[in-house]
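*Asks:* Contents of protein33.txt (compact mmCIF, C-alpha atoms) are below:
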# COMPACT_ATOMS: atom_id res chain seq x y z
CA MET W 1 85.35 60.44 44.41
CA LYS W 2 84.00 63.49 42.60
CA ALA W 3 80.41 62.25 42.96
CA LEU W 4 80.92 61.56 46.68
CA LYS W 5 82.35 65.05 47.24
CA ILE W 6 79.34 66.66 45.54
CA THR W 7 76.95 64.57 47.64
CA PHE W 8 78.78 65.52 50.83
CA PHE W 9 78.61 69.22 49.88
CA ILE W 10 74.85 69.17 49.30
CA VAL W 11 74.18 67.23 52.51
CA SER W 12 76.35 69.72 54.39
CA CYS W 13 74.26 72.57 52.97
CA CYS W 14 71.16 70.83 54.31
CA LEU W 15 72.59 71.13 57.82
CA PHE W 16 73.33 74.84 57.59
CA ILE W 17 70.47 76.31 55.50
CA VAL W 18 67.79 77.61 57.42
CA SER W 19 54.26 71.24 52.42
CA GLN W 20 51.76 70.90 50.98
CA GLY W 21 52.50 68.11 48.49
CA TYR W 22 50.79 67.58 45.18
CA ALA W 23 52.86 64.76 43.75
CA THR W 24 55.42 62.36 45.15
CA ALA W 25 57.99 64.13 47.31
CA SER W 26 60.95 63.90 44.95
CA THR W 27 59.51 64.41 41.47
CA HIS W 28 56.54 65.52 39.45
CA ILE W 29 56.45 62.94 36.66
CA TRP W 30 60.04 63.08 35.48
CA ALA W 31 61.98 65.95 37.03
CA PRO W 32 62.45 66.94 40.69
CA SER W 33 59.80 69.03 42.42
CA THR W 34 60.01 71.39 45.41
CA ASP W 35 58.22 68.80 47.60
CA VAL W 36 60.32 67.22 50.33
CA GLN W 37 59.51 64.22 52.52
CA PRO W 38 58.50 65.11 56.11
CA TYR W 39 60.72 64.07 58.98
CA LYS W 40 60.93 60.28 59.41
CA LYS W 41 58.55 59.70 56.49
CA TRP W 42 59.77 56.83 54.28
CA HIS W 43 58.82 56.89 50.61
CA VAL W 44 59.13 53.85 48.34
CA THR W 45 58.77 54.22 44.58
CA SER W 46 58.75 51.78 41.67
CA ASP W 47 58.98 53.26 38.16
CA TYR W 48 58.82 51.73 34.70
CA TYR W 49 59.69 53.58 31.48
CA VAL W 50 58.41 51.58 28.52
CA PRO W 51 59.35 52.57 24.92
CA THR W 52 56.37 53.14 22.63
CA GLU W 53 58.38 52.98 19.40
CA SER W 54 61.79 52.25 17.92
CA ASN W 55 64.51 54.89 17.99
CA SER W 56 65.99 56.55 14.88
CA ALA W 57 68.37 53.60 14.42
CA GLY W 58 65.40 51.23 14.14
CA ALA W 59 66.09 49.52 17.46
CA ARG W 60 63.59 49.20 20.26
CA PRO W 61 65.21 50.33 23.55
CA ASN W 62 64.97 48.37 26.77
CA THR W 63 62.35 49.05 29.39
CA ILE W 64 63.95 51.01 32.24
CA THR W 65 63.06 50.04 35.81
CA ASN W 66 63.77 52.15 38.87
CA PHE W 67 63.23 51.16 42.51
CA GLY W 68 63.87 53.92 45.02
CA LEU W 69 63.73 54.74 48.73
CA THR W 70 63.67 58.26 50.21
CA VAL W 71 63.34 59.47 53.81
CA GLY W 72 62.84 62.87 55.45
CA VAL W 73 65.71 63.76 57.80
CA LEU W 74 65.04 67.22 59.32
CA PRO W 75 62.55 67.78 62.21
CA PHE W 76 61.72 71.41 61.35
CA GLU W 77 58.46 72.98 60.23
CA LYS W 78 59.95 75.53 57.83
CA LEU W 79 62.95 73.58 56.58
CA ASN W 80 62.80 70.04 55.23
CA ALA W 81 65.42 67.70 53.82
CA GLU W 82 65.44 64.22 52.33
CA VAL W 83 68.04 61.69 51.28
CA GLY W 84 67.56 58.60 49.16
CA PHE W 85 68.84 56.13 46.60
CA ASP W 86 67.63 54.38 43.45
CA HIS W 87 68.42 51.06 41.81
CA LYS W 88 68.10 51.36 38.01
CA SER W 89 68.32 48.72 35.31
CA GLY W 90 67.78 48.46 31.56
CA TYR W 91 70.83 50.50 30.49
CA GLY W 92 72.92 47.62 29.14
CA ASP W 93 76.53 47.73 30.34
CA LEU W 94 75.66 50.53 32.80
CA ASP W 95 73.65 47.98 34.77
CA ASP W 96 76.97 46.98 36.33
CA TYR W 97 76.67 50.23 38.31
CA PRO W 98 72.96 50.31 39.26
CA TRP W 99 73.07 52.52 42.38
CA TYR W 100 72.25 56.23 42.27
CA PHE W 101 71.93 58.66 45.18
CA ASN W 102 70.01 61.89 45.79
CA THR W 103 69.35 64.56 48.40
CA LYS W 104 67.26 67.71 48.61
CA VAL W 105 66.62 70.59 51.02
CA GLY W 106 63.51 72.75 50.78
CA ILE W 107 61.33 75.43 52.37
CA PRO W 108 57.55 74.85 52.11
CA GLU W 109 55.23 77.25 50.35
CA ASN W 110 53.85 80.02 52.60
CA ALA W 111 56.45 79.26 55.28
CA TYR W 112 57.18 83.00 55.68
CA GLY W 113 53.88 84.52 54.53
CA LYS W 114 51.18 83.85 51.95
CA PHE W 115 53.28 85.17 49.05
CA PHE W 116 56.33 83.07 49.89
CA PRO W 117 57.03 80.36 47.27
CA ALA W 118 58.24 76.84 47.92
CA LEU W 119 62.00 76.62 47.37
CA ALA W 120 64.28 73.64 46.89
CA ILE W 121 67.87 72.83 45.95
CA GLY W 122 69.25 69.36 45.49
CA ILE W 123 71.19 66.82 43.52
CA TYR W 124 70.14 63.49 41.99
CA ASP W 125 71.49 60.68 39.83
CA VAL W 126 74.79 60.71 41.71
CA GLY W 127 76.09 57.47 40.23
CA THR W 128 79.00 55.33 41.32
CA LYS W 129 80.97 55.30 38.04
CA GLU W 130 82.55 58.56 36.87
CA ASN W 131 81.92 59.41 33.20
CA LYS W 132 79.39 56.58 33.08
CA THR W 133 76.57 56.93 35.63
CA ALA W 134 77.63 59.98 37.69
CA SER W 135 75.32 62.48 35.97
CA ASN W 136 75.27 64.57 39.19
CA ILE W 137 72.24 66.73 38.33
CA ILE W 138 72.29 69.81 40.58
CA TYR W 139 69.10 71.90 40.50
CA ALA W 140 67.25 74.77 42.14
CA LYS W 141 63.51 75.31 41.86
CA ALA W 142 60.71 77.57 43.12
CA ALA W 143 56.97 76.85 43.10
CA LYS W 144 53.82 78.87 43.81
CA THR W 145 50.11 78.04 43.86
CA PHE W 146 47.79 80.50 42.11
CA SER W 147 44.04 81.04 42.28
CA ALA W 148 41.37 83.36 40.91
CA TRP W 149 38.64 84.01 43.44
CA ASP W 150 37.74 80.51 44.68
CA LEU W 151 39.11 78.72 41.62
CA SER W 152 42.51 77.04 41.90
CA LEU W 153 44.73 77.65 38.88
CA GLY W 154 47.22 75.05 40.06
CA ARG W 155 50.85 75.30 41.03
CA VAL W 156 53.63 76.54 38.73
CA SER W 157 57.27 75.49 39.28
CA LEU W 158 60.28 77.08 37.63
CA GLY W 159 63.99 76.44 37.99
CA GLY W 160 67.16 75.25 36.36
CA PHE W 161 69.64 72.37 36.44
CA GLN W 162 73.16 71.42 35.45
CA GLY W 163 74.75 67.99 35.12
CA ASP W 164 78.02 66.34 34.15
CA GLY W 165 78.99 67.57 30.68
CA ASP W 166 80.68 64.27 29.81
CA ILE W 167 77.36 62.40 30.21
CA LEU W 168 74.66 64.92 29.26
CA LEU W 169 75.37 65.09 25.54
CA HIS W 170 73.61 65.70 22.24
CA SER W 171 75.40 64.54 19.07
CA ASP W 172 78.61 64.15 21.09
CA LYS W 173 78.45 67.79 22.25
CA ARG W 174 77.80 68.98 25.79
CA ASP W 175 74.18 69.82 26.48
CA ASN W 176 74.21 69.68 30.25
CA LYS W 177 72.17 72.59 31.62
CA GLY W 178 68.68 73.87 31.06
CA LEU W 179 65.26 74.92 32.28
CA LEU W 180 62.88 73.12 34.63
CA PHE W 181 59.15 73.91 34.41
CA ALA W 182 55.99 72.27 35.68
CA TRP W 183 52.28 73.01 36.06
CA GLU W 184 50.22 70.76 38.32
CA ARG W 185 46.77 70.72 39.85
CA PRO W 186 44.63 68.42 41.98
CA MET W 187 41.19 67.85 40.40
CA PRO W 188 38.59 67.90 43.20
CA GLU W 189 35.92 68.75 40.61
CA ILE W 190 36.29 65.13 39.46
CA SER W 191 37.77 63.41 42.51
CA ASP W 192 39.94 64.30 45.49
CA LYS W 193 42.11 61.34 44.45
CA LEU W 194 43.04 62.79 41.05
CA TRP W 195 46.07 65.00 40.21
CA ILE W 196 47.30 66.14 36.77
CA CYS W 197 50.62 67.56 35.60
CA LEU W 198 52.47 68.95 32.58
CA GLU W 199 56.23 69.43 32.89
CA TYR W 200 59.40 70.15 30.93
CA GLN W 201 63.11 69.55 31.40
CA GLY W 202 65.50 71.25 28.99
CA THR W 203 68.42 70.11 26.83
CA ARG W 204 68.46 67.52 24.06
CA SER W 205 70.38 65.09 26.22
CA SER W 206 68.63 61.94 27.44
CA TYR W 207 67.24 64.02 30.34
CA GLY W 208 65.46 66.53 28.10
CA CYS W 209 61.76 65.79 27.92
CA TRP W 210 58.15 67.00 27.87
CA ASN W 211 55.87 64.98 30.16
CA ALA W 212 52.13 64.82 30.67
CA GLY W 213 50.36 62.61 33.16
CA PHE W 214 48.10 62.07 36.13
CA SER W 215 48.13 60.26 39.45
CA TRP W 216 45.39 58.50 41.39
CA LYS W 217 45.43 58.02 45.14
CA PHE W 218 44.32 54.49 45.99
CA ALA W 219 44.79 55.03 49.74
CA ASP W 220 46.15 57.73 52.04
CA ASN W 221 49.67 56.36 51.56
CA VAL W 222 49.45 54.65 48.16
CA SER W 223 49.24 56.30 44.73
CA GLY W 224 49.81 55.36 41.11
CA LEU W 225 51.15 57.70 38.43
CA PHE W 226 50.68 57.32 34.67
CA GLY W 227 52.45 59.56 32.15
CA TYR W 228 53.84 59.96 28.65
CA ASP W 229 57.38 61.18 27.92
CA PHE W 230 58.18 63.14 24.73
CA TYR W 231 61.96 63.45 24.39
CA ASN W 232 63.44 66.69 23.06
CA ASP W 233 65.91 64.64 21.01
CA ARG W 234 63.55 63.15 18.42
CA ASP W 235 66.09 60.43 17.64
CA LEU W 236 65.13 58.87 20.98
CA ALA W 237 62.08 56.66 21.40
CA ASP W 238 59.26 58.17 23.47
CA THR W 239 58.16 56.24 26.53
CA TYR W 240 55.21 55.91 28.83
CA THR W 241 55.65 55.93 32.58
CA VAL W 242 53.98 53.80 35.22
CA GLN W 243 54.87 54.56 38.83
CA LEU W 244 53.73 53.21 42.18
CA ASP W 245 54.40 55.20 45.37
CA ILE W 246 54.01 54.04 48.97
CA ASP W 247 54.59 56.12 52.11
CA PHE W 248 55.09 54.72 55.59
Can you present the structure in this file as structure tokens?

*Replies:*
Amino acid sequence: MKALKITFFIVSCCLFIVSQGYATASTHIWAPSTDVQPYKKWHVTSDYYVPTESNSAGARPNTITNFGLTVGVLPFEKLNAEVGFDHKSGYGDLDDYPWYFNTKVGIPENAYGKFFPALAIGIYDVGTKENKTASNIIYAKAAKTFSAWDLSLGRVSLGGFQGDGDILLHSDKRDNKGLLFAWERPMPEISDKLWICLEYQGTRSSYGCWNAGFSWKFADNVSGLFGYDFYNDRDLADTYTVQLDIDF
């Protein structure tokens, strides 16, 4: 019930709050971005997180799979919102509760002038089992594109997040809020299809991570993302990410 109340609150905010996209609408590589799906745009994603080593206990973790669907729900130029869900597996006993929900509301960059940043607030990983999968990550983020003369310096995103303190732990202690940061840039000098990103999510919980990666656009509505995930808790096994995104 707690997770459902939080979801209802965020969706309600979307109805009362009065893009140019670099990556997929919901995330950069790992953490949420300020990008939001346009109205009636459906976004399908398939993610795989594959361990590259054993953890500190000498065990090799399972590969995590995530299949998600997101859709834009607001028909406004200067205010966007999306809702979606994910089906995750590879978490052992938690696979009995595989459904996770998310929503986000955002204002595109330059919506109110050339110095206006992109803004977004949202919640994700709203699971169906309290104290098990209901991480309920609430976040706020701003992003701005910078340039020097005719040279793009990329887009910088900065924000923060907070999740359920009974799930986001490090050594059995709460570690449930932290910083969100990302730098990203399309690479037209090489190809208009190429995009690169470096990002960070704080805490030493299982969400805390440094990520580096790139995406390649195979078609106007199809892209693949490839990244590496360095966890802040060095007892966890690093992973590499493979992601396929389709818009329709």

*Asks:* Fewer than 3 positions away in the same chain doesn't count, so skip those; otherwise give me all residues within 10 Å of W:Arg174, counting only C-alpha atoms, as a VMD selection string.

*Replies:* chain W and resid 163 to 171 177 203 to 205

*Asks:* For the residues in the current selection, export C-alpha atoms as an mmCIF file, in the frame of the given file.

*Replies:*
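Result went into selection.cif, see below:
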data_model
loop_
_atom_site.group_PDB
_atom_site.id
_atom_site.type_symbol
_atom_site.label_atom_id
_atom_site.label_comp_id
_atom_site.auth_asym_id
_atom_site.auth_seq_id
_atom_site.Cartn_x
_atom_site.Cartn_y
_atom_site.Cartn_z
ATOM 1 C CA GLY W 163 74.750 67.990 35.120
ATOM 2 C CA ASP W 164 78.020 66.340 34.150
ATOM 3 C CA GLY W 165 78.990 67.570 30.680
ATOM 4 C CA ASP W 166 80.680 64.270 29.810
ATOM 5 C CA ILE W 167 77.360 62.400 30.210
ATOM 6 C CA LEU W 168 74.660 64.920 29.260
ATOM 7 C CA LEU W 169 75.370 65.090 25.540
ATOM 8 C CA HIS W 170 73.610 65.700 22.240
ATOM 9 C CA SER W 171 75.400 64.540 19.070
ATOM 10 C CA LYS W 177 72.170 72.590 31.620
ATOM 11 C CA THR W 203 68.420 70.110 26.830
ATOM 12 C CA ARG W 204 68.460 67.520 24.060
ATOM 13 C CA SER W 205 70.380 65.090 26.220
#

*Asks:* Report the closest atom pair, with its distance in Å rounded to one decimal, for each residue of stretch 147-216 of chain W that has an atom no farther than 12 Å from stretch 114-118 of chain W; count all atoms listed in the file, sort by chain and then rising residue number, and write it as JSON lines.

*Replies:*
{"residue": "W:Arg155", "atom": "CA", "partner": "W:Pro117", "partner_atom": "CA", "distance": 10.1}
{"residue": "W:Val156", "atom": "CA", "partner": "W:Pro117", "partner_atom": "CA", "distance": 10.0}
{"residue": "W:Ser157", "atom": "CA", "partner": "W:Ala118", "partner_atom": "CA", "distance": 8.8}
{"residue": "W:Leu158", "atom": "CA", "partner": "W:Ala118", "partner_atom": "CA", "distance": 10.5}
{"residue": "W:Gly159", "atom": "CA", "partner": "W:Ala118", "partner_atom": "CA", "distance": 11.5}

*Asks:* I'd like to know which of W:Ser223, W:Asn136, W:Thr34, W:Asn211 is closest to W:Leu244, using all atoms listed in the file.

*Replies:*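 Closest to W:Leu244 of all the choices is W:Ser223.
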
*Asks:* Provide the atom CA of W:Leu236 to atom CA of W:Asn62 distance in Å, to one decimal place.

*Replies:*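 Straight-line distance from atom CA of W:Leu236 to atom CA of W:Asn62 works out to 12.0 Å.
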
*Asks:* For W:Asn102, which of W:Pro32, W:Ser206, W:Tyr48, W:Leu153 is the closest residue, counting all atoms listed in the file?

*Replies:* W:Pro32

*Asks:* Could you check the closest approach to W:Thr133 for each of W:Leu151, W:Leu69, W:Ile107, W:Leu94 and tell me which residue wins, using all atoms listed in the file?

*Replies:*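 Ranking W:Leu151, W:Leu69, W:Ile107, W:Leu94 by distance to W:Thr133, first place goes to W:Leu94.
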
*Asks:* Which residue is closest to W:Ile246? Choose from W:Tyr112, W:Tyr49, W:Trp30, W:Phe67 and count all atoms listed in the file.

*Replies:*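 Looking only at the distances to W:Ile246, the closest residue turns out to be W:Phe67.
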
*Asks:* Please provide the set of residues having any atom within 12 Å of stretch 187-197 of chain W, restricted to all atoms listed in the file, with same-chain residues fewer than 5 positions apart removed, written as an MDAnalysis selection string.

*Replies:* chainID W and resid 21:24 27:31 33 151:157 181:182 210:228

*Asks:* Write out the residues from the selection above, keeping C-alpha atoms, as a tab-separated table (two decimals), keeping the file's coordinate frame.

*Replies:*
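Written output follows (again_33.tsv):
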chain	number	residue	atom	x	y	z
W	21	GLY	CA	52.50	68.11	48.49
W	22	TYR	CA	50.79	67.58	45.18
W	23	ALA	CA	52.86	64.76	43.75
W	24	THR	CA	55.42	62.36	45.15
W	27	THR	CA	59.51	64.41	41.47
W	28	HIS	CA	56.54	65.52	39.45
W	29	ILE	CA	56.45	62.94	36.66
W	30	TRP	CA	60.04	63.08	35.48
W	31	ALA	CA	61.98	65.95	37.03
W	33	SER	CA	59.80	69.03	42.42
W	151	LEU	CA	39.11	78.72	41.62
W	152	SER	CA	42.51	77.04	41.90
W	153	LEU	CA	44.73	77.65	38.88
W	154	GLY	CA	47.22	75.05	40.06
W	155	ARG	CA	50.85	75.30	41.03
W	156	VAL	CA	53.63	76.54	38.73
W	157	SER	CA	57.27	75.49	39.28
W	181	PHE	CA	59.15	73.91	34.41
W	182	ALA	CA	55.99	72.27	35.68
W	210	TRP	CA	58.15	67.00	27.87
W	211	ASN	CA	55.87	64.98	30.16
W	212	ALA	CA	52.13	64.82	30.67
W	213	GLY	CA	50.36	62.61	33.16
W	214	PHE	CA	48.10	62.07	36.13
W	215	SER	CA	48.13	60.26	39.45
W	216	TRP	CA	45.39	58.50	41.39
W	217	LYS	CA	45.43	58.02	45.14
W	218	PHE	CA	44.32	54.49	45.99
W	219	ALA	CA	44.79	55.03	49.74
W	220	ASP	CA	46.15	57.73	52.04
W	221	ASN	CA	49.67	56.36	51.56
W	222	VAL	CA	49.45	54.65	48.16
W	223	SER	CA	49.24	56.30	44.73
W	224	GLY	CA	49.81	55.36	41.11
W	225	LEU	CA	51.15	57.70	38.43
W	226	PHE	CA	50.68	57.32	34.67
W	227	GLY	CA	52.45	59.56	32.15
W	228	TYR	CA	53.84	59.96	28.65

*Asks:* Please indicate the distance in Å from atom CA of W:Ile121 to atom CA of W:Lys40, rounded to one decimal place.

*Replies:*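 Computing the Euclidean distance for atom CA of W:Ile121 and atom CA of W:Lys40 yields 19.7 Å.
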
*Asks:* Ranking W:Ile138, W:Val83, W:Val50, W:Val126 by minimum distance to W:Tyr240 and counting all atoms listed in the file, which one comes first?

*Replies:* W:Val50

*Asks:* One decimal, in Å: what's the spacing between atom CA of W:Phe230 and atom CA of W:His87?

*Replies:*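 Computed distance, atom CA of W:Phe230 to atom CA of W:His87, equals 23.3 Å.
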
*Asks:* Write out as a PyMOL selection string the residues lying within 12 Å of W:Trp99, counting all atoms listed in the file and excluding same-chain residues fewer than 6 positions away.

*Replies:* chain W and resi 66-69+84-89+124-129+132-134

*Asks:* So which one's closest to W:Gly72, W:Glu53, W:Asp238, W:Asp35, W:Asp93? Using only C-alpha atoms, please.

*Replies:* W:Asp35

*Asks:* Applying 9 Å and only C-alpha atoms, which residues near W:Pro75 remain after dropping the ones on its own chain fewer than 5 positions away? List them as JSON, numbers by chain.

*Replies:* {"W": [38, 39, 40, 80, 81]}

*Asks:* Now that the selection is made, can you save its residues with C-alpha atoms as a CSV table (one decimal), in the coordinates of the input?

*Replies:*
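Final output, selection_13.csv:
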chain,number,residue,atom,x,y,z
W,38,PRO,CA,58.5,65.1,56.1
W,39,TYR,CA,60.7,64.1,59.0
W,40,LYS,CA,60.9,60.3,59.4
W,80,ASN,CA,62.8,70.0,55.2
W,81,ALA,CA,65.4,67.7,53.8

*Asks:* Would you compute the box with edges along x, y and z of the file around stretch 183-190 of chain W, including every atom the file lists for it and 6 Å extra on each side, and give its centre and edge lengths in Å to one decimal, as JSON?

*Replies:*
{"center_x": 44.1, "center_y": 69.1, "center_z": 39.6, "size_x": 28.4, "size_y": 19.9, "size_z": 19.1}
